[in-house]
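target26.txt, holding compact mmCIF, C-alpha atoms:
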```txt
# COMPACT_ATOMS: atom_id res chain seq x y z
CA MET V 1 -14.23 36.01 -36.04
CA ILE V 2 -16.13 33.42 -34.04
CA LEU V 3 -14.05 30.30 -33.47
CA ASP V 4 -15.63 27.05 -34.66
CA GLU V 5 -14.83 23.51 -35.78
CA GLN V 6 -13.98 24.65 -39.32
CA LEU V 7 -10.86 26.37 -37.99
CA LEU V 8 -9.69 23.08 -36.49
CA ARG V 9 -10.16 21.32 -39.83
CA GLU V 10 -8.12 24.03 -41.56
CA VAL V 11 -5.22 23.97 -39.08
CA ILE V 12 -4.93 20.32 -38.00
CA THR V 13 -3.58 18.46 -41.00
CA LYS V 14 -2.65 14.83 -41.53
CA ARG V 15 0.94 13.96 -40.69
CA PRO V 16 3.12 13.30 -43.73
CA LYS V 17 4.03 9.67 -44.31
CA HIS V 18 7.74 10.43 -44.57
CA SER V 19 8.41 12.16 -41.27
CA HIS V 20 10.19 11.73 -37.94
CA LYS V 21 10.01 13.27 -34.48
CA GLY V 22 12.04 16.28 -35.58
CA THR V 23 9.40 17.02 -38.22
CA PHE V 24 6.96 18.02 -35.51
CA GLY V 25 9.15 20.45 -33.64
CA ARG V 26 11.39 20.77 -30.63
CA VAL V 27 9.69 22.51 -27.74
CA VAL V 28 11.25 23.62 -24.47
CA LEU V 29 9.05 24.40 -21.47
CA ILE V 30 10.46 26.41 -18.56
CA GLY V 31 8.78 26.62 -15.17
CA GLY V 32 7.82 24.71 -12.06
CA ASN V 33 9.52 25.85 -8.87
CA GLN V 34 9.42 23.67 -5.75
CA GLN V 35 5.89 24.78 -4.90
CA TYR V 36 4.27 24.77 -8.33
CA GLY V 37 5.80 21.82 -10.13
CA GLY V 38 2.39 20.56 -11.18
CA ALA V 39 1.92 23.56 -13.45
CA ILE V 40 4.82 22.78 -15.76
CA ILE V 41 4.00 19.07 -15.69
CA MET V 42 0.47 19.85 -16.94
CA SER V 43 1.92 22.06 -19.68
CA ALA V 44 4.23 19.23 -20.72
CA LEU V 45 1.38 16.71 -20.75
CA ALA V 46 -0.55 19.01 -23.06
CA ALA V 47 2.43 19.64 -25.35
CA VAL V 48 3.22 15.95 -25.80
CA ASN V 49 -0.43 14.96 -26.28
CA SER V 50 -0.85 17.79 -28.79
CA GLY V 51 1.86 16.25 -30.95
CA ALA V 52 5.12 18.09 -30.26
CA GLY V 53 7.90 15.92 -31.65
CA LEU V 54 10.45 16.46 -28.87
CA THR V 55 9.59 18.02 -25.52
CA THR V 56 12.16 19.14 -22.95
CA VAL V 57 11.22 20.59 -19.57
CA ILE V 58 13.54 22.93 -17.69
CA THR V 59 12.44 22.84 -14.06
CA ASP V 60 13.52 22.56 -10.43
CA LYS V 61 15.18 19.22 -9.71
CA LYS V 62 12.43 18.40 -7.22
CA ASN V 63 10.04 17.99 -10.16
CA HIS V 64 12.16 15.60 -12.21
CA GLY V 65 10.91 12.38 -10.61
CA PRO V 66 7.20 13.32 -10.75
CA LEU V 67 7.59 14.45 -14.37
CA HIS V 68 9.20 11.16 -15.41
CA VAL V 69 6.42 9.21 -13.70
CA GLN V 70 3.67 11.27 -15.32
CA LEU V 71 5.32 11.68 -18.71
CA PRO V 72 8.26 9.45 -19.63
CA GLU V 73 8.07 10.88 -23.16
CA ALA V 74 9.51 14.21 -22.00
CA MET V 75 13.16 15.04 -21.33
CA VAL V 76 14.10 17.11 -18.30
CA VAL V 77 16.88 19.53 -17.35
CA ASP V 78 17.78 20.98 -13.95
CA TRP V 79 17.16 24.70 -14.21
CA TYR V 80 20.27 25.40 -12.12
CA ASP V 81 22.40 23.77 -14.86
CA GLN V 82 22.84 26.96 -16.86
CA ALA V 83 25.04 25.49 -19.59
CA THR V 84 22.62 22.67 -20.43
CA CYS V 85 19.64 25.02 -20.19
CA LEU V 86 21.24 27.35 -22.69
CA THR V 87 22.00 24.49 -25.08
CA VAL V 88 18.46 23.10 -25.14
CA ILE V 89 16.93 26.58 -25.39
CA GLN V 90 19.07 27.35 -28.43
CA GLN V 91 17.93 24.10 -30.08
CA ALA V 92 14.21 24.80 -29.61
CA ASP V 93 11.72 25.73 -32.29
CA VAL V 94 9.18 26.98 -29.73
CA LEU V 95 9.74 28.07 -26.13
CA LEU V 96 7.24 28.32 -23.30
CA ILE V 97 8.10 30.06 -20.06
CA GLY V 98 5.94 30.79 -17.04
CA PRO V 99 3.79 27.93 -15.71
CA GLY V 100 4.74 27.55 -12.04
CA LEU V 101 7.84 29.69 -12.59
CA GLY V 102 7.31 31.86 -9.54
CA THR V 103 8.41 35.47 -9.14
CA SER V 104 11.75 35.07 -7.35
CA THR V 105 14.95 36.77 -8.43
CA PHE V 106 16.09 33.45 -9.88
CA SER V 107 12.86 33.16 -11.90
CA LEU V 108 13.39 36.67 -13.24
CA GLY V 109 16.89 35.66 -14.29
CA LEU V 110 15.53 32.72 -16.28
CA LEU V 111 13.07 34.97 -18.09
CA GLN V 112 15.78 37.52 -18.84
CA MET V 113 18.00 34.76 -20.22
CA VAL V 114 15.25 33.50 -22.53
CA LEU V 115 14.52 37.01 -23.83
CA LYS V 116 18.25 37.56 -24.38
CA VAL V 117 18.92 34.38 -26.36
CA GLN V 118 15.68 34.03 -28.34
CA THR V 119 16.36 34.20 -32.07
CA ASN V 120 14.12 35.41 -34.87
CA GLN V 121 13.64 31.75 -35.87
CA GLN V 122 12.06 30.82 -32.55
CA TRP V 123 8.57 31.39 -31.20
CA LEU V 124 8.03 32.21 -27.55
CA VAL V 125 4.91 31.68 -25.44
CA ILE V 126 4.83 33.66 -22.18
CA ASP V 127 2.38 32.52 -19.53
CA GLY V 128 1.66 32.64 -15.80
CA SER V 129 4.34 34.01 -13.48
CA ALA V 130 6.48 35.14 -16.42
CA LEU V 131 3.78 37.64 -17.38
CA THR V 132 3.90 39.16 -13.91
CA LEU V 133 7.70 39.38 -14.08
CA LEU V 134 7.50 40.89 -17.57
CA ALA V 135 5.20 43.61 -16.23
CA GLU V 136 7.03 44.30 -12.97
CA ALA V 137 10.50 44.45 -14.53
CA LYS V 138 9.25 46.32 -17.60
CA LEU V 139 11.08 43.93 -19.91
CA SER V 140 11.02 44.27 -23.70
CA LEU V 141 10.15 41.53 -26.17
CA PRO V 142 13.02 40.96 -28.64
CA TYR V 143 10.76 39.45 -31.32
CA PRO V 144 7.17 40.43 -30.54
CA GLU V 145 5.97 39.17 -33.92
CA HIS V 146 7.10 35.68 -32.80
CA THR V 147 5.65 35.94 -29.29
CA VAL V 148 2.34 34.87 -27.74
CA LEU V 149 1.15 36.32 -24.44
CA THR V 150 -1.48 34.29 -22.56
CA PRO V 151 -2.64 36.35 -19.57
CA HIS V 152 -5.79 35.93 -17.54
CA GLN V 153 -7.56 39.21 -16.91
CA MET V 154 -5.61 40.15 -13.77
CA GLU V 155 -2.27 39.38 -15.43
CA TRP V 156 -3.39 41.46 -18.39
CA GLN V 157 -4.25 44.32 -16.04
CA ARG V 158 -0.70 44.21 -14.66
CA LEU V 159 0.85 44.04 -18.10
CA SER V 160 -1.34 46.54 -19.91
CA GLY V 161 -2.40 48.93 -17.17
CA ILE V 162 -6.03 48.42 -18.27
CA ALA V 163 -8.30 47.69 -15.30
CA ILE V 164 -10.36 44.50 -15.63
CA ALA V 165 -13.60 46.48 -15.66
CA THR V 166 -12.42 48.49 -18.67
CA GLN V 167 -10.79 45.75 -20.75
CA THR V 168 -12.74 46.41 -23.93
CA ASP V 169 -11.87 45.10 -27.38
CA GLN V 170 -10.78 48.55 -28.47
CA LEU V 171 -8.40 49.14 -25.56
CA ASN V 172 -7.08 45.58 -25.63
CA GLN V 173 -6.33 45.73 -29.33
CA GLU V 174 -4.69 49.15 -29.03
CA LYS V 175 -2.36 47.72 -26.39
CA GLN V 176 -1.75 44.61 -28.51
CA HIS V 177 -0.67 46.86 -31.37
CA GLU V 178 1.75 48.57 -29.01
CA LEU V 179 3.21 45.30 -27.73
CA GLY V 180 3.21 43.56 -31.11
CA ALA V 181 2.68 40.03 -29.76
CA ILE V 182 -0.33 37.79 -30.31
CA LEU V 183 -2.51 38.32 -27.26
CA VAL V 184 -4.70 35.61 -25.70
CA VAL V 185 -6.79 37.13 -22.91
CA LYS V 186 -8.22 34.23 -20.91
CA SER V 187 -11.63 34.50 -19.28
CA HIS V 188 -14.93 32.62 -19.32
CA GLN V 189 -14.86 33.40 -23.04
CA THR V 190 -11.26 33.85 -24.18
CA THR V 191 -10.49 36.48 -26.83
CA ILE V 192 -7.45 36.58 -29.11
CA TYR V 193 -6.05 39.80 -30.57
CA ASN V 194 -3.54 40.21 -33.39
CA LYS V 195 -3.14 43.11 -35.81
CA GLU V 196 -6.59 43.55 -37.40
CA ASN V 197 -7.92 40.18 -36.22
CA ILE V 198 -10.01 39.52 -33.15
CA TYR V 199 -11.06 35.93 -32.45
CA TYR V 200 -13.93 35.19 -30.10
CA ASN V 201 -14.00 31.82 -28.37
CA GLN V 202 -17.55 31.04 -27.28
CA ALA V 203 -16.73 27.49 -26.19
CA GLY V 204 -15.74 26.56 -22.65
CA SER V 205 -17.68 26.15 -19.44
CA ALA V 206 -17.53 26.68 -15.67
CA ALA V 207 -16.51 23.02 -15.34
CA MET V 208 -13.06 24.09 -16.58
CA ALA V 209 -12.59 26.62 -13.77
CA THR V 210 -9.88 24.74 -11.88
CA GLY V 211 -6.14 25.07 -11.35
CA GLY V 212 -3.99 24.00 -14.28
CA THR V 213 -6.42 24.75 -17.08
CA GLY V 214 -4.34 27.69 -18.30
CA ASP V 215 -1.11 25.70 -18.00
CA THR V 216 -2.66 23.06 -20.25
CA LEU V 217 -3.69 25.67 -22.81
CA ALA V 218 -0.16 27.11 -22.86
CA GLY V 219 1.25 23.66 -23.61
CA MET V 220 -1.25 23.15 -26.43
CA ILE V 221 -0.43 26.49 -28.04
CA THR V 222 3.28 25.68 -27.85
CA ALA V 223 2.84 22.30 -29.55
CA PHE V 224 0.52 23.67 -32.23
CA LEU V 225 3.08 26.35 -33.14
CA ALA V 226 5.76 23.65 -33.40
CA GLN V 227 3.77 21.65 -36.00
CA PHE V 228 1.43 23.91 -37.89
CA PRO V 229 1.72 27.34 -39.60
CA GLN V 230 3.09 29.80 -37.08
CA ASN V 231 0.38 32.44 -37.00
CA ASP V 232 -2.65 33.65 -35.09
CA HIS V 233 -4.94 31.10 -36.80
CA THR V 234 -2.92 28.27 -35.27
CA VAL V 235 -2.98 29.90 -31.83
CA ALA V 236 -6.74 30.35 -32.14
CA ALA V 237 -7.16 26.69 -33.13
CA ALA V 238 -5.35 25.55 -29.97
CA VAL V 239 -7.54 27.83 -27.86
CA TYR V 240 -10.72 26.52 -29.44
CA LEU V 241 -9.76 22.84 -29.25
CA HIS V 242 -8.92 23.26 -25.55
CA SER V 243 -12.41 24.65 -24.84
CA PHE V 244 -14.15 22.26 -27.24
CA ILE V 245 -12.71 19.27 -25.38
CA GLY V 246 -13.67 20.87 -22.07
CA ASP V 247 -17.26 21.28 -23.23
CA HIS V 248 -17.39 17.67 -24.40
CA LEU V 249 -16.09 16.39 -21.06
CA ALA V 250 -18.42 18.70 -19.11
CA GLN V 251 -21.37 16.74 -20.44
CA THR V 252 -20.43 13.92 -18.06
CA HIS V 253 -18.03 15.58 -15.60
CA TYR V 254 -19.04 18.19 -13.01
CA VAL V 255 -15.40 19.33 -12.93
CA VAL V 256 -13.14 18.97 -15.97
CA LEU V 257 -9.60 18.30 -14.80
CA PRO V 258 -6.85 19.68 -17.06
CA THR V 259 -5.19 16.27 -17.18
CA LEU V 260 -8.41 14.84 -18.67
CA ILE V 261 -8.29 17.46 -21.39
CA SER V 262 -4.72 16.42 -22.23
CA GLN V 263 -5.69 12.75 -22.41
CA ALA V 264 -8.42 13.57 -24.91
CA ILE V 265 -6.36 15.78 -27.23
CA PRO V 266 -4.98 13.06 -29.57
CA GLN V 267 -8.37 11.54 -30.36
CA TRP V 268 -9.94 14.92 -31.15
CA MET V 269 -6.99 16.00 -33.29
CA ALA V 270 -7.45 12.76 -35.25
CA HIS V 271 -11.16 13.56 -35.55
CA PHE V 272 -10.54 17.01 -37.04
CA CYS V 273 -7.41 16.36 -39.11
CA THR V 274 -7.58 16.79 -42.88
CA GLU V 275 -5.44 15.62 -45.75
```
Starting from the file, lay out its structure as structure tokens.
Amino acid sequence: MILDEQLLREVITKRPKHSHKGTFGRVVLIGGNQQYGGAIIMSALAAVNSGAGLTTVITDKKNHGPLHVQLPEAMVVDWYDQATCLTVIQQADVLLIGPGLGTSTFSLGLLQMVLKVQTNQQWLVIDGSALTLLAEAKLSLPYPEHTVLTPHQMEWQRLSGIAIATQTDQLNQEKQHELGAILVVKSHQTTIYNKENIYYNQAGSAAMATGGTGDTLAGMITAFLAQFPQNDHTVAAAVYLHSFIGDHLAQTHYVVLPTLISQAIPQWMAHFCTE
């Protein structure tokens, strides 16, 4: 299936008149060590701008001030406060772990905790450093049918054992069947695999090749799953909208910053929303 604007019109629906912030999902984003705090901040910007009703970020305390300045709409928890972390994780509809998480022993512990406490009512998006940890520690997914993996090609090589040069649709889908999770393999033209479905995203440009673009996509996927039907169509819609906005901005911007994509999300969701 080639992704196009029709998919956005099918997935992005008008918000019901009688609703509140809880109607649009509780999302919890986990990541951002002392070095890579910007990654989880960009994910949070994307999640809030994509319409998540309540967004909580679990991150290193060093990132709390910058996050509040950039995004006062988000709540924040110190990732060393295990009791509070556990409480907010258990309350989430959708979890995202990985942007800026790092690969330390502590980071591995956070990932193991999330995999241990995830319920069959929650969706989990695994991105960035968490994918590397998942591969290195050979961790199992408790609910693969409620999990989305968003590796770039090198992360996918680590996770799947398939060398970048041989990452064909056939081999990728065979491995997806083995893992059971929705698979979003990011490249210059991202491809999504799930069961019998393969989605080809032909949007996107070299202007988007800058740090933070994947973190932004992860935040969008998380927010879309919190609001819309929780399936591969919704994941594909987030992927396509991310690239569609990037293409639009690339008409006037030599480099498309991820934060600019996030700023543009609400207007384009309004453009494509249906009754």
Do you know which residues are at most 10 Å from stretch 214-221 of chain V counting all atoms listed in the file, after dropping those on the same chain fewer than 5 positions away, and could you put them as a count of residues only? 52
Go ahead and compute the interatomic distance for atom CA of V:Leu8 and atom CA of V:His271, in Å to one decimal.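 That distance, rounded to one decimal, is 9.7 Å.
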For the point (1.9, 37.0, -12.2) in file coordinates, what residues are within 12 Å, counting all atoms listed in the file? Give the answer as a PyMOL selection string? chain V and resi 98-104+107-108+126-137+150-159
Selection near V:Asn197, 12 Å with all atoms listed in the file, sequence-local residues under 4 positions removed, as a VMD selection string: chain V and resid 1 to 3 169 to 170 172 to 174 176 to 177 182 to 184 191 to 193 231 to 233 236
Show me, as a list in words, the residues that have an atom within 8 Å of stretch 19-23 of chain V when counting all atoms listed in the file, minus same-chain residues fewer than 5 positions from it.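 Once the adjacent positions are removed, what remains is Gly53, Leu54 and Gln227 of chain V.
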Please report, as lines of an AutoDock Vina configuration file, the centre and edge lengths in Å to one decimal of an axis-aligned box covering all listed atoms of stretch 232-240 of chain V with 6 Å per side.
```
center_x = -6.7
center_y = 29.6
center_z = -32.3
size_x = 20.1
size_y = 20.1
size_z = 20.9
```
Å distance separating atom CA of V:His248 from atom CA of V:Ser205, one decimal place: 9.8 Å
Find the spatial neighbours of V:Tyr80, counting all atoms listed in the file, within a cut-off of 12 Å - ignore same-chain residues fewer than 4 positions away - and output them as number ranges by chain. V: 30-31, 33, 58-62, 84-86, 106-107, 109-110
Between V:Pro229, V:His68, V:His146, V:Ser187, which one has atoms that come closest to V:Gln202, using only C-alpha atoms?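 Nearest candidate to V:Gln202 out of V:Pro229, V:His68, V:His146, V:Ser187: V:Ser187.
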Quick one: of V:Ala203, V:Ile162, V:Val57, V:Ala250, who's nearest to V:Asp4, counting all atoms listed in the file?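 Nearest candidate to V:Asp4 out of V:Ala203, V:Ile162, V:Val57, V:Ala250: V:Ala203.
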Near V:Thr274, within 7 Å and counting only C-alpha atoms, which residues show up once chain neighbours fewer than 3 positions away are dropped, as an MDAnalysis selection string? chainID V and resid 9 12:14
Please, what distance in Å, to one decimal, runs between atom CA of V:Val88 and atom CA of V:Val114?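 Atom-to-atom, atom CA of V:Val88 to atom CA of V:Val114, that is 11.2 Å.
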Would you list the residues near (20.3, 30.9, -29.7) (no more than 10 Å away, in the coordinates of the file, using only C-alpha atoms) as a VMD selection string? chain V and resid 86 to 92 114 116 to 122
Residue selection dump (C-alpha atoms) as a short mmCIF file (atom, residue, chain, number, x, y, z; two decimals), keeping the file's coordinate frame:
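Result file result30.cif:
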```cif
data_model
loop_
_atom_site.label_atom_id
_atom_site.label_comp_id
_atom_site.auth_asym_id
_atom_site.auth_seq_id
_atom_site.Cartn_x
_atom_site.Cartn_y
_atom_site.Cartn_z
CA LEU V 86 21.24 27.35 -22.69
CA THR V 87 22.00 24.49 -25.08
CA VAL V 88 18.46 23.10 -25.14
CA ILE V 89 16.93 26.58 -25.39
CA GLN V 90 19.07 27.35 -28.43
CA GLN V 91 17.93 24.10 -30.08
CA ALA V 92 14.21 24.80 -29.61
CA VAL V 114 15.25 33.50 -22.53
CA LYS V 116 18.25 37.56 -24.38
CA VAL V 117 18.92 34.38 -26.36
CA GLN V 118 15.68 34.03 -28.34
CA THR V 119 16.36 34.20 -32.07
CA ASN V 120 14.12 35.41 -34.87
CA GLN V 121 13.64 31.75 -35.87
CA GLN V 122 12.06 30.82 -32.55
#
```
Just checking: using all atoms listed in the file, which residue out of V:Thr168, V:Thr147, V:Thr210, V:Thr252 ends up closest to V:Asn194?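 The shortest atom-to-atom distance to V:Asn194 comes from V:Thr147.
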